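*Asks:* Dropping in data.cif, with mmCIF, N, CA and C atoms.
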data_coords
loop_
_atom_site.label_atom_id
_atom_site.label_comp_id
_atom_site.auth_asym_id
_atom_site.auth_seq_id
_atom_site.Cartn_x
_atom_site.Cartn_y
_atom_site.Cartn_z
N MET A 1 28.34 20.56 -49.15
CA MET A 1 27.94 19.19 -49.05
C MET A 1 26.58 19.15 -48.35
N SER A 2 25.61 18.71 -49.04
CA SER A 2 24.26 18.67 -48.54
C SER A 2 23.85 17.24 -48.27
N THR A 3 23.21 17.02 -47.09
CA THR A 3 22.76 15.68 -46.73
C THR A 3 21.25 15.67 -46.78
N SER A 4 20.72 14.69 -47.44
CA SER A 4 19.28 14.58 -47.55
C SER A 4 18.81 13.47 -46.63
N ILE A 5 17.92 13.83 -45.69
CA ILE A 5 17.36 12.86 -44.75
C ILE A 5 15.88 12.73 -45.06
N SER A 6 15.46 11.49 -45.20
CA SER A 6 14.04 11.29 -45.50
C SER A 6 13.19 11.55 -44.26
N PHE A 7 11.94 11.88 -44.50
CA PHE A 7 11.01 12.14 -43.40
C PHE A 7 10.84 10.88 -42.55
N ALA A 8 10.78 9.71 -43.16
CA ALA A 8 10.60 8.45 -42.42
C ALA A 8 11.78 8.20 -41.49
N THR A 9 12.98 8.50 -41.96
CA THR A 9 14.17 8.31 -41.12
C THR A 9 14.14 9.26 -39.94
N LEU A 10 13.79 10.50 -40.21
CA LEU A 10 13.70 11.50 -39.15
C LEU A 10 12.63 11.13 -38.14
N LEU A 11 11.47 10.71 -38.61
CA LEU A 11 10.39 10.29 -37.73
C LEU A 11 10.80 9.07 -36.90
N GLY A 12 11.47 8.13 -37.53
CA GLY A 12 11.94 6.95 -36.80
C GLY A 12 12.91 7.31 -35.70
N ALA A 13 13.79 8.27 -35.97
CA ALA A 13 14.76 8.70 -34.96
C ALA A 13 14.07 9.38 -33.79
N VAL A 14 13.06 10.21 -34.07
CA VAL A 14 12.32 10.90 -33.01
C VAL A 14 11.57 9.89 -32.15
N VAL A 15 10.92 8.93 -32.80
CA VAL A 15 10.17 7.92 -32.05
C VAL A 15 11.12 7.10 -31.17
N ALA A 16 12.25 6.70 -31.72
CA ALA A 16 13.21 5.90 -30.95
C ALA A 16 13.77 6.70 -29.77
N ALA A 17 14.03 7.98 -30.00
CA ALA A 17 14.60 8.80 -28.93
C ALA A 17 13.60 9.07 -27.82
N SER A 18 12.33 9.15 -28.18
CA SER A 18 11.33 9.45 -27.16
C SER A 18 10.94 8.23 -26.35
N GLY A 19 11.29 7.05 -26.81
CA GLY A 19 10.93 5.84 -26.09
C GLY A 19 9.48 5.43 -26.33
N TYR A 20 8.83 6.07 -27.28
CA TYR A 20 7.44 5.74 -27.58
C TYR A 20 7.36 4.29 -28.03
N GLY A 21 6.43 3.57 -27.44
CA GLY A 21 6.28 2.17 -27.83
C GLY A 21 7.09 1.24 -26.96
N SER A 22 7.90 1.78 -26.08
CA SER A 22 8.66 0.89 -25.20
C SER A 22 7.76 0.40 -24.08
N VAL A 23 8.13 -0.68 -23.48
CA VAL A 23 7.36 -1.26 -22.39
C VAL A 23 7.60 -0.43 -21.14
N PRO A 24 6.53 0.06 -20.49
CA PRO A 24 6.73 0.85 -19.27
C PRO A 24 7.26 -0.01 -18.14
N ALA A 25 7.94 0.64 -17.22
CA ALA A 25 8.47 -0.07 -16.05
C ALA A 25 7.31 -0.61 -15.22
N ALA A 26 7.55 -1.72 -14.59
CA ALA A 26 6.51 -2.33 -13.75
C ALA A 26 6.18 -1.41 -12.59
N GLU A 27 4.90 -1.24 -12.34
CA GLU A 27 4.47 -0.40 -11.23
C GLU A 27 4.60 -1.18 -9.93
N PRO A 28 4.90 -0.49 -8.84
CA PRO A 28 4.96 -1.19 -7.56
C PRO A 28 3.59 -1.73 -7.17
N ALA A 29 3.59 -2.75 -6.37
CA ALA A 29 2.32 -3.35 -5.93
C ALA A 29 1.53 -2.32 -5.13
N PRO A 30 0.22 -2.33 -5.27
CA PRO A 30 -0.59 -1.38 -4.51
C PRO A 30 -0.41 -1.55 -3.01
N VAL A 31 -0.58 -0.47 -2.29
CA VAL A 31 -0.38 -0.48 -0.84
C VAL A 31 -1.45 -1.31 -0.15
N ALA A 32 -2.69 -1.12 -0.54
CA ALA A 32 -3.80 -1.75 0.17
C ALA A 32 -3.66 -3.27 0.33
N PRO A 33 -3.33 -4.03 -0.71
CA PRO A 33 -3.21 -5.47 -0.49
C PRO A 33 -2.13 -5.85 0.53
N ARG A 34 -1.01 -5.13 0.50
CA ARG A 34 0.05 -5.43 1.48
C ARG A 34 -0.42 -5.09 2.89
N ALA A 35 -1.06 -3.94 3.04
CA ALA A 35 -1.55 -3.53 4.36
C ALA A 35 -2.65 -4.47 4.84
N ILE A 36 -3.53 -4.88 3.94
CA ILE A 36 -4.60 -5.80 4.32
C ILE A 36 -4.02 -7.13 4.78
N GLU A 37 -2.99 -7.61 4.12
CA GLU A 37 -2.35 -8.87 4.54
C GLU A 37 -1.71 -8.71 5.93
N GLN A 38 -1.07 -7.58 6.18
CA GLN A 38 -0.48 -7.35 7.50
C GLN A 38 -1.56 -7.27 8.57
N ILE A 39 -2.68 -6.67 8.24
CA ILE A 39 -3.79 -6.60 9.19
C ILE A 39 -4.35 -7.99 9.45
N ARG A 40 -4.47 -8.79 8.40
CA ARG A 40 -4.98 -10.16 8.57
C ARG A 40 -4.07 -10.94 9.52
N GLN A 41 -2.77 -10.82 9.32
CA GLN A 41 -1.84 -11.53 10.19
C GLN A 41 -1.93 -11.00 11.62
N ALA A 42 -2.10 -9.70 11.78
CA ALA A 42 -2.24 -9.12 13.12
C ALA A 42 -3.50 -9.65 13.80
N ARG A 43 -4.58 -9.80 13.05
CA ARG A 43 -5.83 -10.32 13.62
C ARG A 43 -5.64 -11.75 14.13
N VAL A 44 -4.92 -12.55 13.37
CA VAL A 44 -4.65 -13.92 13.79
C VAL A 44 -3.83 -13.93 15.07
N GLU A 45 -2.80 -13.10 15.11
CA GLU A 45 -1.95 -13.03 16.30
C GLU A 45 -2.75 -12.60 17.53
N LEU A 46 -3.59 -11.60 17.37
CA LEU A 46 -4.41 -11.15 18.50
C LEU A 46 -5.40 -12.23 18.92
N TYR A 47 -5.97 -12.90 17.96
CA TYR A 47 -6.92 -13.97 18.27
C TYR A 47 -6.25 -15.08 19.08
N CYS A 48 -4.99 -15.35 18.75
CA CYS A 48 -4.24 -16.40 19.45
C CYS A 48 -3.64 -15.92 20.77
N GLY A 49 -3.87 -14.66 21.11
CA GLY A 49 -3.36 -14.14 22.37
C GLY A 49 -1.93 -13.64 22.29
N HIS A 50 -1.40 -13.48 21.10
CA HIS A 50 -0.03 -13.00 20.92
C HIS A 50 -0.09 -11.49 20.69
N ASP A 51 -0.33 -10.77 21.77
CA ASP A 51 -0.54 -9.32 21.65
C ASP A 51 0.66 -8.59 21.05
N ALA A 52 1.86 -8.92 21.47
CA ALA A 52 3.04 -8.21 20.97
C ALA A 52 3.20 -8.38 19.46
N GLN A 53 2.99 -9.60 18.96
CA GLN A 53 3.10 -9.84 17.52
C GLN A 53 1.96 -9.15 16.77
N GLY A 54 0.78 -9.14 17.38
CA GLY A 54 -0.35 -8.46 16.75
C GLY A 54 -0.11 -6.97 16.64
N ILE A 55 0.41 -6.38 17.70
CA ILE A 55 0.73 -4.95 17.69
C ILE A 55 1.80 -4.66 16.64
N ALA A 56 2.79 -5.53 16.54
CA ALA A 56 3.83 -5.34 15.52
C ALA A 56 3.24 -5.36 14.11
N GLY A 57 2.28 -6.25 13.88
CA GLY A 57 1.62 -6.30 12.57
C GLY A 57 0.81 -5.05 12.28
N ILE A 58 0.14 -4.55 13.31
CA ILE A 58 -0.64 -3.31 13.16
C ILE A 58 0.30 -2.16 12.83
N GLU A 59 1.42 -2.08 13.54
CA GLU A 59 2.38 -1.00 13.29
C GLU A 59 2.98 -1.10 11.90
N ALA A 60 3.21 -2.32 11.41
CA ALA A 60 3.72 -2.50 10.04
C ALA A 60 2.71 -1.98 9.03
N ALA A 61 1.44 -2.27 9.25
CA ALA A 61 0.40 -1.77 8.34
C ALA A 61 0.32 -0.25 8.39
N CYS A 62 0.47 0.32 9.58
CA CYS A 62 0.48 1.78 9.72
C CYS A 62 1.64 2.39 8.93
N ARG A 63 2.82 1.80 9.06
CA ARG A 63 3.99 2.31 8.33
C ARG A 63 3.74 2.25 6.82
N GLU A 64 3.14 1.18 6.37
CA GLU A 64 2.83 1.00 4.95
C GLU A 64 1.92 2.13 4.46
N LEU A 65 0.89 2.44 5.23
CA LEU A 65 -0.06 3.48 4.82
C LEU A 65 0.57 4.86 4.89
N ARG A 66 1.38 5.10 5.91
CA ARG A 66 2.04 6.40 6.02
C ARG A 66 3.01 6.62 4.88
N ALA A 67 3.74 5.58 4.49
CA ALA A 67 4.71 5.70 3.40
C ALA A 67 4.01 5.99 2.08
N ALA A 68 2.79 5.48 1.93
CA ALA A 68 2.05 5.72 0.69
C ALA A 68 1.57 7.16 0.59
N GLY A 69 1.41 7.81 1.74
CA GLY A 69 0.98 9.20 1.75
C GLY A 69 -0.47 9.37 1.31
N GLY A 70 -0.85 10.58 1.13
CA GLY A 70 -2.21 10.89 0.71
C GLY A 70 -3.18 10.89 1.87
N THR A 71 -4.33 11.48 1.65
CA THR A 71 -5.33 11.57 2.70
C THR A 71 -6.42 10.53 2.57
N SER A 72 -6.43 9.78 1.47
CA SER A 72 -7.52 8.83 1.24
C SER A 72 -7.50 7.66 2.22
N ARG A 73 -6.39 7.42 2.86
CA ARG A 73 -6.26 6.28 3.76
C ARG A 73 -6.27 6.70 5.24
N MET A 74 -6.59 7.94 5.51
CA MET A 74 -6.53 8.44 6.88
C MET A 74 -7.52 7.75 7.81
N THR A 75 -8.70 7.43 7.32
CA THR A 75 -9.69 6.75 8.16
C THR A 75 -9.19 5.36 8.54
N ALA A 76 -8.58 4.67 7.58
CA ALA A 76 -8.02 3.34 7.87
C ALA A 76 -6.88 3.46 8.87
N LEU A 77 -6.05 4.46 8.70
CA LEU A 77 -4.93 4.66 9.62
C LEU A 77 -5.44 4.96 11.03
N SER A 78 -6.49 5.74 11.14
CA SER A 78 -7.09 6.04 12.44
C SER A 78 -7.62 4.75 13.08
N ALA A 79 -8.28 3.92 12.30
CA ALA A 79 -8.80 2.65 12.84
C ALA A 79 -7.65 1.75 13.30
N LEU A 80 -6.54 1.76 12.57
CA LEU A 80 -5.38 0.95 12.98
C LEU A 80 -4.80 1.47 14.29
N GLN A 81 -4.75 2.76 14.45
CA GLN A 81 -4.23 3.32 15.70
C GLN A 81 -5.14 2.97 16.87
N GLN A 82 -6.44 2.98 16.63
CA GLN A 82 -7.37 2.56 17.67
C GLN A 82 -7.17 1.08 18.02
N ALA A 83 -6.96 0.26 16.99
CA ALA A 83 -6.73 -1.17 17.22
C ALA A 83 -5.47 -1.39 18.05
N SER A 84 -4.44 -0.64 17.74
CA SER A 84 -3.19 -0.76 18.49
C SER A 84 -3.40 -0.38 19.95
N PHE A 85 -4.14 0.69 20.18
CA PHE A 85 -4.45 1.11 21.55
C PHE A 85 -5.17 0.00 22.31
N HIS A 86 -6.22 -0.54 21.68
CA HIS A 86 -6.99 -1.60 22.35
C HIS A 86 -6.13 -2.85 22.59
N ALA A 87 -5.29 -3.19 21.64
CA ALA A 87 -4.43 -4.38 21.81
C ALA A 87 -3.45 -4.17 22.96
N ARG A 88 -2.89 -2.97 23.06
CA ARG A 88 -1.96 -2.69 24.16
C ARG A 88 -2.64 -2.76 25.52
N HIS A 89 -3.95 -2.54 25.55
CA HIS A 89 -4.70 -2.60 26.80
C HIS A 89 -5.48 -3.91 26.94
N HIS A 90 -5.08 -4.89 26.13
CA HIS A 90 -5.64 -6.26 26.20
C HIS A 90 -7.15 -6.29 25.99
N ARG A 91 -7.62 -5.47 25.08
CA ARG A 91 -9.04 -5.45 24.71
C ARG A 91 -9.15 -6.04 23.30
N ALA A 92 -9.08 -7.35 23.23
CA ALA A 92 -9.01 -8.03 21.94
C ALA A 92 -10.24 -7.80 21.07
N THR A 93 -11.41 -7.81 21.66
CA THR A 93 -12.64 -7.65 20.88
C THR A 93 -12.67 -6.27 20.21
N GLN A 94 -12.36 -5.23 20.96
CA GLN A 94 -12.36 -3.89 20.39
C GLN A 94 -11.26 -3.73 19.34
N ALA A 95 -10.12 -4.37 19.59
CA ALA A 95 -9.02 -4.32 18.61
C ALA A 95 -9.45 -4.99 17.31
N GLN A 96 -10.10 -6.15 17.41
CA GLN A 96 -10.56 -6.86 16.21
C GLN A 96 -11.58 -6.01 15.44
N GLU A 97 -12.48 -5.36 16.15
CA GLU A 97 -13.47 -4.51 15.49
C GLU A 97 -12.81 -3.34 14.75
N ALA A 98 -11.82 -2.73 15.37
CA ALA A 98 -11.10 -1.62 14.74
C ALA A 98 -10.33 -2.11 13.51
N LEU A 99 -9.75 -3.30 13.60
CA LEU A 99 -9.04 -3.86 12.45
C LEU A 99 -10.01 -4.14 11.30
N GLU A 100 -11.19 -4.60 11.62
CA GLU A 100 -12.19 -4.85 10.58
C GLU A 100 -12.60 -3.54 9.90
N ARG A 101 -12.74 -2.46 10.69
CA ARG A 101 -13.05 -1.15 10.11
C ARG A 101 -11.94 -0.70 9.17
N ALA A 102 -10.69 -0.93 9.57
CA ALA A 102 -9.55 -0.53 8.74
C ALA A 102 -9.57 -1.28 7.41
N VAL A 103 -9.83 -2.58 7.47
CA VAL A 103 -9.88 -3.37 6.22
C VAL A 103 -11.02 -2.88 5.34
N SER A 104 -12.16 -2.60 5.93
CA SER A 104 -13.30 -2.09 5.15
C SER A 104 -12.96 -0.78 4.46
N GLU A 105 -12.27 0.09 5.15
CA GLU A 105 -11.86 1.36 4.56
C GLU A 105 -10.88 1.16 3.41
N LEU A 106 -9.96 0.24 3.58
CA LEU A 106 -8.95 -0.01 2.54
C LEU A 106 -9.57 -0.66 1.30
N ARG A 107 -10.60 -1.41 1.49
CA ARG A 107 -11.27 -2.08 0.36
C ARG A 107 -12.26 -1.17 -0.34
N ALA A 108 -12.62 -0.07 0.30
CA ALA A 108 -13.63 0.83 -0.29
C ALA A 108 -13.06 1.59 -1.47
#
Please lay out the structure from this file as structure tokens.
*Replies:*
Amino acid sequence: MSTSISFATLLGAVVAASGYGSVPAAEPAPVAPRAIEQIRQARVELYCGHDAQGIAGIEAACRELRAAGGTSRMTALSALQQASFHARHHRATQAQEALERAVSELRA
């Protein structure tokens, strides 16, 4: 008993099995916009004198960058750590400057 399968049927089966033409899964949102928003909120908190909330925002941005991995964000992470240090020592101006450097690095 011989079964004859057409080339078109075989090709259709291969394409269907490979998932070619299917819609790819949605990619997660980029790290930088989330981290930049957390930095923006931290800047507002520090400006208003809410050091603890500002530091929490800086730490959230740091966690975001660390979770993303890679070395391309190391300069931004360093600036965030400097900002956290300055905020803990009530040096708002220096903390704001470090946060601005971090945002500049993330946007580059």
*Asks:* Give the answer as one residue: which of A:Arg66, A:Arg43, A:Arg34, A:His50 has the shortest atom-to-atom distance to A:Glu97, using only C-alpha atoms?
*Replies:*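 Among the listed residues, A:Arg43 lies closest to A:Glu97.
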*Asks:* Apply the PyMOL selection byres ((chain A and resi 84) around 8) to the displayed file and report the matching residues as JSON, numbers by chain.
*Replies:* {"A": [54, 55, 56, 58, 59, 78, 79, 80, 81, 82, 83, 85, 86, 87, 88, 89, 90, 94, 95, 96, 98, 99]}
*Asks:* How many Å separate atom N of A:Thr71 from atom N of A:Ala42?
*Replies:*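 Atom N of A:Thr71 sits 23.6 Å away from atom N of A:Ala42.
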*Asks:* What is the distance, in Å and to one decimal place, between atom C of A:Thr75 and atom C of A:Ser104?
*Replies:*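 That distance, rounded to one decimal, is 8.3 Å.
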*Asks:* Would you mind reading off the distance between atom N of A:Ala76 and atom C of A:Thr93, one decimal, in Å?
*Replies:*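 Answer for the atom N of A:Ala76 to atom C of A:Thr93 separation: 17.2 Å.
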*Asks:* So, counting all atoms listed in the file, which residue among A:Ala108, A:Ala92, A:Ala61, A:Val103 is closest to A:Leu46?
*Replies:*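 The closest residue to A:Leu46 is A:Ala92.
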